[in-house]
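Before any comments, here is the structure.
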Amino acid sequence: LRSSIAGVYCWRLGESPSGGPVPTSYISMGAERKRMEREADFAFKQAFALCPFSPEVIYRYVQLLVNGRRMDDALLIAETGAKISPSTTQFKYLIDNLKSIKGQMGSGADFQSEIARLEKAVDENPNNVTKQFELAQKYLQAGQSEKANKILDRVSAFSDLTVSELTSLAEAYRGLNQTEKLSSALERLTQLAPDLPDAWYELAAARARLEQTAPALEALKKSLDLNDKRLAQNSKTNDLRIILGDDARFSKLRGTAEFKTLAAPR
């Protein structure tokens with residue numbers, strides 16, 4: 001049961017167990033995404049503590065850890081499962097596979113080779129947004145943030161980005177602490193998907209960081225209005241007002257009368 005709950009959190013991170021797409025409106029963003037990551041990790045820890053010999057629990061937890069580039073933790077979970085249940089041969093294959101992945105990640109030559117491959121793919125097909133995101137991620141892993149920025153700026157220049165692509169672009173700019181570019185990407189996202197309360201919320205936070213008080217409050221009002229409508233349809237859904245109470249990004253707005261009115265409990 002704890003593993004199933006963890007799976008729900010992973011689904012909110014955009015990771016579908018069936019491999020199919022997760023509706024964009026359900027994928028968490030910003031501070032909510034960080035919370036989903038923490039809850040998924042904690043739920044899997046509980047599942048592992050309750051049933052440390054379960055292949056399902058171990059494989060799913062390991063996948064989460066690998067996605068977070070926590071290879072040492074992933075190996076520790078797999079090796080512990082093998083010690084507790086030595087008769088489960090699939091754990092041995094999992095350990096071998098993890099060691100191979102860790103070796104590839106730690107090999108400078110292999111890493112540079114992967115970057116070169118992606119650079120070639122992007123040069124051959126400059127309209128392939130997926131490959132450009134992959135290349136930007138590799139640049140970030142290599143500590144080459146300037147190159148990553150250039151790739152993301154190139155993607156941002158595309159006029160026909162989808163909701164999913166704009167969400168990925170915003171997340172990338174957030175990771176690079178490029179608030180102005182983040183705000184621009186979120187503005188495009190809210191234009192393309194105007195009914196997403198989380199997108200409006202993140203836009204409000206970005207504008208607040210840029211000290212754009214009036215536009216920030218405008219986006220926040222739109223976000224909370226959509227949030228209230230969503231709650232009216234499903235009272236168990238994520239309530240942005242709760243997140244807003246502890247969100248430090250709005251610290252400079254908390255003293256204004258407009259913010260107090262918007263943030264008041266409903």
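For the structure tokens, the naming scheme is as follows: chains receive sequential letters (A, B, ...) according to their order of presentation, residues are indexed from 1 within each chain, and ligands are indexed from 1 in presentation order.
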Please, which residues in stretch 233-262 of chain A fall within 9 Å of stretch 206-226 of chain A when counting only C-alpha atoms, and what is the closest atom pair and distance in Å to one decimal for each, ordered by chain then residue number, as JSON lines?
{"residue": "A:Asp239", "atom": "CA", "partner": "A:Leu224", "partner_atom": "CA", "distance": 8.9}
{"residue": "A:Leu240", "atom": "CA", "partner": "A:Leu224", "partner_atom": "CA", "distance": 7.0}
{"residue": "A:Arg241", "atom": "CA", "partner": "A:Leu224", "partner_atom": "CA", "distance": 7.3}
{"residue": "A:Arg249", "atom": "CA", "partner": "A:Arg209", "partner_atom": "CA", "distance": 6.3}
{"residue": "A:Phe250", "atom": "CA", "partner": "A:Ala208", "partner_atom": "CA", "distance": 6.1}
{"residue": "A:Ser251", "atom": "CA", "partner": "A:Ala208", "partner_atom": "CA", "distance": 8.6}
{"residue": "A:Lys252", "atom": "CA", "partner": "A:Ala208", "partner_atom": "CA", "distance": 7.6}
{"residue": "A:Leu253", "atom": "CA", "partner": "A:Thr213", "partner_atom": "CA", "distance": 7.3}
{"residue": "A:Glu258", "atom": "CA", "partner": "A:Leu217", "partner_atom": "CA", "distance": 7.4}
{"residue": "A:Phe259", "atom": "CA", "partner": "A:Leu217", "partner_atom": "CA", "distance": 6.9}
{"residue": "A:Leu262", "atom": "CA", "partner": "A:Lys221", "partner_atom": "CA", "distance": 6.5}
Residue selection dump (all heavy atoms) as an mmCIF file, in the first residue's frame:
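Okay, again_33.cif is ready:
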data_model
loop_
_atom_site.group_PDB
_atom_site.id
_atom_site.type_symbol
_atom_site.label_atom_id
_atom_site.label_comp_id
_atom_site.auth_asym_id
_atom_site.auth_seq_id
_atom_site.Cartn_x
_atom_site.Cartn_y
_atom_site.Cartn_z
ATOM 1 N N ASP A 239 -4.319 22.371 -2.634
ATOM 2 C CA ASP A 239 -4.790 23.722 -2.319
ATOM 3 C C ASP A 239 -3.593 24.675 -2.292
ATOM 4 O O ASP A 239 -2.749 24.616 -1.403
ATOM 5 C CB ASP A 239 -5.501 23.725 -0.960
ATOM 6 C CG ASP A 239 -6.134 25.074 -0.649
ATOM 7 O OD1 ASP A 239 -5.988 25.998 -1.465
ATOM 8 O OD2 ASP A 239 -6.781 25.197 0.405
ATOM 9 N N LEU A 240 -3.534 25.570 -3.259
ATOM 10 C CA LEU A 240 -2.405 26.492 -3.363
ATOM 11 C C LEU A 240 -2.354 27.488 -2.204
ATOM 12 O O LEU A 240 -1.285 28.017 -1.894
ATOM 13 C CB LEU A 240 -2.478 27.254 -4.689
ATOM 14 C CG LEU A 240 -2.259 26.405 -5.953
ATOM 15 C CD1 LEU A 240 -2.468 27.257 -7.199
ATOM 16 C CD2 LEU A 240 -0.876 25.787 -5.963
ATOM 17 N N ARG A 241 -3.474 27.739 -1.555
ATOM 18 C CA ARG A 241 -3.471 28.669 -0.426
ATOM 19 C C ARG A 241 -2.609 28.135 0.725
ATOM 20 O O ARG A 241 -1.986 28.912 1.458
ATOM 21 C CB ARG A 241 -4.896 28.932 0.063
ATOM 22 C CG ARG A 241 -5.729 29.704 -0.919
ATOM 23 C CD ARG A 241 -7.132 29.951 -0.385
ATOM 24 N NE ARG A 241 -7.956 30.558 -1.421
ATOM 25 C CZ ARG A 241 -7.966 31.837 -1.706
ATOM 26 N NH1 ARG A 241 -7.185 32.661 -1.028
ATOM 27 N NH2 ARG A 241 -8.747 32.315 -2.661
ATOM 28 N N ARG A 249 8.964 33.051 -1.474
ATOM 29 C CA ARG A 249 9.087 33.879 -2.676
ATOM 30 C C ARG A 249 8.140 35.087 -2.642
ATOM 31 O O ARG A 249 8.349 36.062 -3.368
ATOM 32 C CB ARG A 249 8.822 33.035 -3.926
ATOM 33 C CG ARG A 249 9.874 31.965 -4.172
ATOM 34 C CD ARG A 249 9.512 31.079 -5.354
ATOM 35 N NE ARG A 249 8.301 30.311 -5.107
ATOM 36 C CZ ARG A 249 7.753 29.479 -6.006
ATOM 37 N NH1 ARG A 249 8.318 29.350 -7.191
ATOM 38 N NH2 ARG A 249 6.663 28.794 -5.707
ATOM 39 N N PHE A 250 7.108 35.014 -1.783
ATOM 40 C CA PHE A 250 6.146 36.105 -1.697
ATOM 41 C C PHE A 250 6.375 36.971 -0.457
ATOM 42 O O PHE A 250 5.487 37.744 -0.078
ATOM 43 C CB PHE A 250 4.718 35.545 -1.672
ATOM 44 C CG PHE A 250 4.297 34.874 -2.951
ATOM 45 C CD1 PHE A 250 4.404 33.497 -3.096
ATOM 46 C CD2 PHE A 250 3.812 35.614 -4.016
ATOM 47 C CE1 PHE A 250 4.011 32.866 -4.272
ATOM 48 C CE2 PHE A 250 3.428 35.002 -5.195
ATOM 49 C CZ PHE A 250 3.536 33.624 -5.327
ATOM 50 N N SER A 251 7.543 36.837 0.147
ATOM 51 C CA SER A 251 7.795 37.537 1.417
ATOM 52 C C SER A 251 7.643 39.051 1.294
ATOM 53 O O SER A 251 7.168 39.720 2.223
ATOM 54 C CB SER A 251 9.193 37.191 1.948
ATOM 55 O OG SER A 251 10.183 37.535 0.995
ATOM 56 N N LYS A 252 8.058 39.630 0.166
ATOM 57 C CA LYS A 252 7.989 41.081 0.003
ATOM 58 C C LYS A 252 6.576 41.586 -0.277
ATOM 59 O O LYS A 252 6.333 42.800 -0.255
ATOM 60 C CB LYS A 252 8.928 41.524 -1.119
ATOM 61 C CG LYS A 252 10.400 41.334 -0.793
ATOM 62 C CD LYS A 252 11.295 41.894 -1.882
ATOM 63 C CE LYS A 252 12.769 41.742 -1.522
ATOM 64 N NZ LYS A 252 13.663 42.304 -2.567
ATOM 65 N N LEU A 253 5.658 40.669 -0.541
ATOM 66 C CA LEU A 253 4.276 41.074 -0.820
ATOM 67 C C LEU A 253 3.358 40.877 0.376
ATOM 68 O O LEU A 253 2.227 41.383 0.373
ATOM 69 C CB LEU A 253 3.714 40.266 -2.005
ATOM 70 C CG LEU A 253 4.422 40.402 -3.360
ATOM 71 C CD1 LEU A 253 3.696 39.569 -4.399
ATOM 72 C CD2 LEU A 253 4.484 41.855 -3.789
ATOM 73 N N GLU A 258 -3.429 44.040 -0.555
ATOM 74 C CA GLU A 258 -3.916 43.185 -1.647
ATOM 75 C C GLU A 258 -3.549 41.726 -1.409
ATOM 76 O O GLU A 258 -4.378 40.827 -1.611
ATOM 77 C CB GLU A 258 -3.334 43.655 -2.988
ATOM 78 C CG GLU A 258 -3.778 45.052 -3.406
ATOM 79 C CD GLU A 258 -2.812 46.119 -2.899
ATOM 80 O OE1 GLU A 258 -2.089 45.851 -1.910
ATOM 81 O OE2 GLU A 258 -2.781 47.215 -3.496
ATOM 82 N N PHE A 259 -2.303 41.493 -0.971
ATOM 83 C CA PHE A 259 -1.874 40.117 -0.726
ATOM 84 C C PHE A 259 -2.682 39.504 0.416
ATOM 85 O O PHE A 259 -3.106 38.341 0.329
ATOM 86 C CB PHE A 259 -0.380 40.074 -0.387
ATOM 87 C CG PHE A 259 0.158 38.688 -0.173
ATOM 88 C CD1 PHE A 259 0.641 37.942 -1.238
ATOM 89 C CD2 PHE A 259 0.145 38.108 1.096
ATOM 90 C CE1 PHE A 259 1.127 36.651 -1.033
ATOM 91 C CE2 PHE A 259 0.616 36.825 1.294
ATOM 92 C CZ PHE A 259 1.106 36.098 0.230
ATOM 93 N N LEU A 262 -6.024 38.450 -0.831
ATOM 94 C CA LEU A 262 -5.960 37.264 -1.698
ATOM 95 C C LEU A 262 -5.652 36.002 -0.896
ATOM 96 O O LEU A 262 -6.216 34.928 -1.176
ATOM 97 C CB LEU A 262 -4.885 37.473 -2.773
ATOM 98 C CG LEU A 262 -5.185 38.479 -3.876
ATOM 99 C CD1 LEU A 262 -3.952 38.679 -4.753
ATOM 100 C CD2 LEU A 262 -6.344 38.006 -4.714
#
**Report entry** Test item: residues at most 8 Å from A:Ile151, only C-alpha atoms, excluding those fewer than 6 positions along its chain, as number ranges by chain
**Finding:** A: 132-133, 135-136
For N, CA, C and O atoms, I'd like the residues from the last selection saved as a PDB file, in the first residue's frame.
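Output below, filename part-v6.pdb:
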ATOM      1  N   GLN A 132      17.348  18.663 -27.603  1.00  0.00           N
ATOM      2  CA  GLN A 132      17.939  19.898 -27.089  1.00  0.00           C
ATOM      3  C   GLN A 132      17.821  19.955 -25.565  1.00  0.00           C
ATOM      4  O   GLN A 132      18.750  20.379 -24.883  1.00  0.00           O
ATOM      5  N   PHE A 133      16.687  19.502 -25.041  1.00  0.00           N
ATOM      6  CA  PHE A 133      16.551  19.431 -23.587  1.00  0.00           C
ATOM      7  C   PHE A 133      17.559  18.444 -22.994  1.00  0.00           C
ATOM      8  O   PHE A 133      18.151  18.693 -21.942  1.00  0.00           O
ATOM      9  N   LEU A 135      20.449  17.617 -24.229  1.00  0.00           N
ATOM     10  CA  LEU A 135      21.782  18.215 -24.322  1.00  0.00           C
ATOM     11  C   LEU A 135      21.973  19.272 -23.233  1.00  0.00           C
ATOM     12  O   LEU A 135      23.034  19.335 -22.588  1.00  0.00           O
ATOM     13  N   ALA A 136      20.957  20.093 -23.001  1.00  0.00           N
ATOM     14  CA  ALA A 136      21.047  21.104 -21.946  1.00  0.00           C
ATOM     15  C   ALA A 136      21.259  20.445 -20.585  1.00  0.00           C
ATOM     16  O   ALA A 136      22.047  20.931 -19.763  1.00  0.00           O
TER      17      ALA A 136
END
Query raised in the report: What's the 12 Å shell around A:Leu118, counting only C-alpha atoms, without same-chain residues fewer than 6 positions away, as a list in words?
Result: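 These residues fall inside the cut-off: Phe111, Gln112, Glu124, Asn125, Pro126, Asn128, Val129, Thr130, Lys131, Gln132, Phe133, Glu134, Leu135, Ala136, Gln137, Lys138, Tyr139 and Ile151 of chain A.
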**Report entry** Contact residues around A:Val66 with only C-alpha atoms at 12 Å, ignoring same-chain residues under 4 positions, as a ChimeraX atom specification
**Finding:** /A:41,58-62,70-78,94,97-99,101-102,105
Sorted by chain and rising residue number, list the residues of stretch 3-57 of chain A at most 12 Å from stretch 242-246 of chain A (counting only C-alpha atoms), each with its closest atom pair and distance in Å to one decimal, as a Markdown table.
| residue | atom | partner | partner_atom | distance |
| --- | --- | --- | --- | --- |
| A:Met29 | CA | A:Ile243 | CA | 11.9 |
| A:Gly30 | CA | A:Ile243 | CA | 10.6 |
| A:Ala31 | CA | A:Ile243 | CA | 7.9 |
| A:Glu32 | CA | A:Ile243 | CA | 7.7 |
| A:Arg33 | CA | A:Ile243 | CA | 11.4 |
| A:Lys34 | CA | A:Ile243 | CA | 11.6 |
| A:Arg35 | CA | A:Ile243 | CA | 10.0 |
Query - Distance query stretch 179-188 of chain A at most 10 Å, only C-alpha atoms, self and fewer than 6 positions along chain excluded, as a ChimeraX atom specification - result: /A:152-153,156,159,161-163,165-173,194,199-210,219
Report task. Mind checking which residues fall within 12 Å of A:Leu1, counting only C-alpha atoms, ignoring those fewer than 4 positions away in the same chain, and posting them as a PyMOL selection string? Result -> chain A and resi 5-8+43-44+46-48+50-51+56-57
Would you save the residues from that selection as a short mmCIF file (atom, residue, chain, number, x, y, z; two decimals), in the first residue's frame, using all heavy atoms?
data_model
loop_
_atom_site.label_atom_id
_atom_site.label_comp_id
_atom_site.auth_asym_id
_atom_site.auth_seq_id
_atom_site.Cartn_x
_atom_site.Cartn_y
_atom_site.Cartn_z
N ILE A 5 1.01 4.30 -2.84
CA ILE A 5 0.93 5.73 -2.55
C ILE A 5 2.13 6.46 -3.15
O ILE A 5 2.01 7.52 -3.75
CB ILE A 5 0.87 5.97 -1.03
CG1 ILE A 5 -0.45 5.47 -0.47
CG2 ILE A 5 1.05 7.45 -0.71
CD1 ILE A 5 -1.67 6.18 -0.98
N ALA A 6 3.33 5.85 -3.01
CA ALA A 6 4.53 6.44 -3.61
C ALA A 6 4.36 6.57 -5.12
O ALA A 6 4.81 7.54 -5.73
CB ALA A 6 5.75 5.59 -3.27
N GLY A 7 3.71 5.58 -5.72
CA GLY A 7 3.48 5.62 -7.16
C GLY A 7 2.61 6.79 -7.58
O GLY A 7 2.80 7.37 -8.65
N VAL A 8 1.65 7.15 -6.72
CA VAL A 8 0.80 8.31 -7.02
C VAL A 8 1.64 9.58 -7.02
O VAL A 8 1.51 10.44 -7.90
CB VAL A 8 -0.34 8.43 -5.98
CG1 VAL A 8 -1.14 9.72 -6.22
CG2 VAL A 8 -1.27 7.22 -6.07
N ALA A 43 7.55 7.70 1.24
CA ALA A 43 6.63 6.57 1.11
C ALA A 43 7.38 5.30 0.69
O ALA A 43 7.10 4.20 1.18
CB ALA A 43 5.53 6.90 0.11
N PHE A 44 8.34 5.44 -0.22
CA PHE A 44 9.13 4.28 -0.62
C PHE A 44 10.01 3.78 0.53
O PHE A 44 10.22 2.58 0.67
CB PHE A 44 10.00 4.61 -1.84
CG PHE A 44 9.30 4.41 -3.16
CD1 PHE A 44 9.35 5.39 -4.14
CD2 PHE A 44 8.61 3.24 -3.43
CE1 PHE A 44 8.71 5.21 -5.36
CE2 PHE A 44 7.97 3.05 -4.65
CZ PHE A 44 8.02 4.04 -5.61
N GLN A 46 9.19 3.88 3.66
CA GLN A 46 8.29 3.13 4.52
C GLN A 46 7.98 1.76 3.91
O GLN A 46 7.97 0.75 4.62
CB GLN A 46 6.99 3.91 4.71
CG GLN A 46 7.15 5.16 5.58
CD GLN A 46 5.84 5.89 5.73
OE1 GLN A 46 5.12 6.10 4.76
NE2 GLN A 46 5.54 6.30 6.95
N ALA A 47 7.73 1.73 2.60
CA ALA A 47 7.44 0.46 1.94
C ALA A 47 8.62 -0.50 2.07
O ALA A 47 8.46 -1.70 2.33
CB ALA A 47 7.11 0.71 0.47
N PHE A 48 9.82 0.04 1.90
CA PHE A 48 11.03 -0.79 2.00
C PHE A 48 11.23 -1.29 3.43
O PHE A 48 11.63 -2.45 3.65
CB PHE A 48 12.25 0.01 1.54
CG PHE A 48 13.54 -0.76 1.56
CD1 PHE A 48 13.74 -1.80 0.67
CD2 PHE A 48 14.53 -0.46 2.48
CE1 PHE A 48 14.93 -2.53 0.69
CE2 PHE A 48 15.71 -1.18 2.50
CZ PHE A 48 15.91 -2.22 1.60
N LEU A 50 8.91 -1.88 5.60
CA LEU A 50 7.89 -2.88 5.89
C LEU A 50 8.12 -4.19 5.14
O LEU A 50 7.79 -5.26 5.65
CB LEU A 50 6.51 -2.32 5.52
CG LEU A 50 5.98 -1.20 6.43
CD1 LEU A 50 4.79 -0.52 5.78
CD2 LEU A 50 5.59 -1.76 7.79
N CYS A 51 8.67 -4.08 3.94
CA CYS A 51 8.83 -5.28 3.10
C CYS A 51 10.12 -5.17 2.28
O CYS A 51 10.08 -4.97 1.07
CB CYS A 51 7.62 -5.43 2.19
SG CYS A 51 7.43 -7.07 1.48
N GLU A 56 8.96 -5.57 -6.21
CA GLU A 56 8.22 -4.40 -6.70
C GLU A 56 8.68 -3.13 -5.98
O GLU A 56 8.96 -2.10 -6.61
CB GLU A 56 6.72 -4.58 -6.49
CG GLU A 56 5.91 -3.37 -6.95
CD GLU A 56 4.47 -3.40 -6.48
OE1 GLU A 56 4.06 -4.39 -5.87
OE2 GLU A 56 3.77 -2.41 -6.73
N VAL A 57 8.74 -3.21 -4.65
CA VAL A 57 9.14 -2.04 -3.86
C VAL A 57 10.56 -1.61 -4.23
O VAL A 57 10.83 -0.44 -4.46
CB VAL A 57 9.05 -2.35 -2.35
CG1 VAL A 57 9.73 -1.25 -1.54
CG2 VAL A 57 7.60 -2.51 -1.93
#
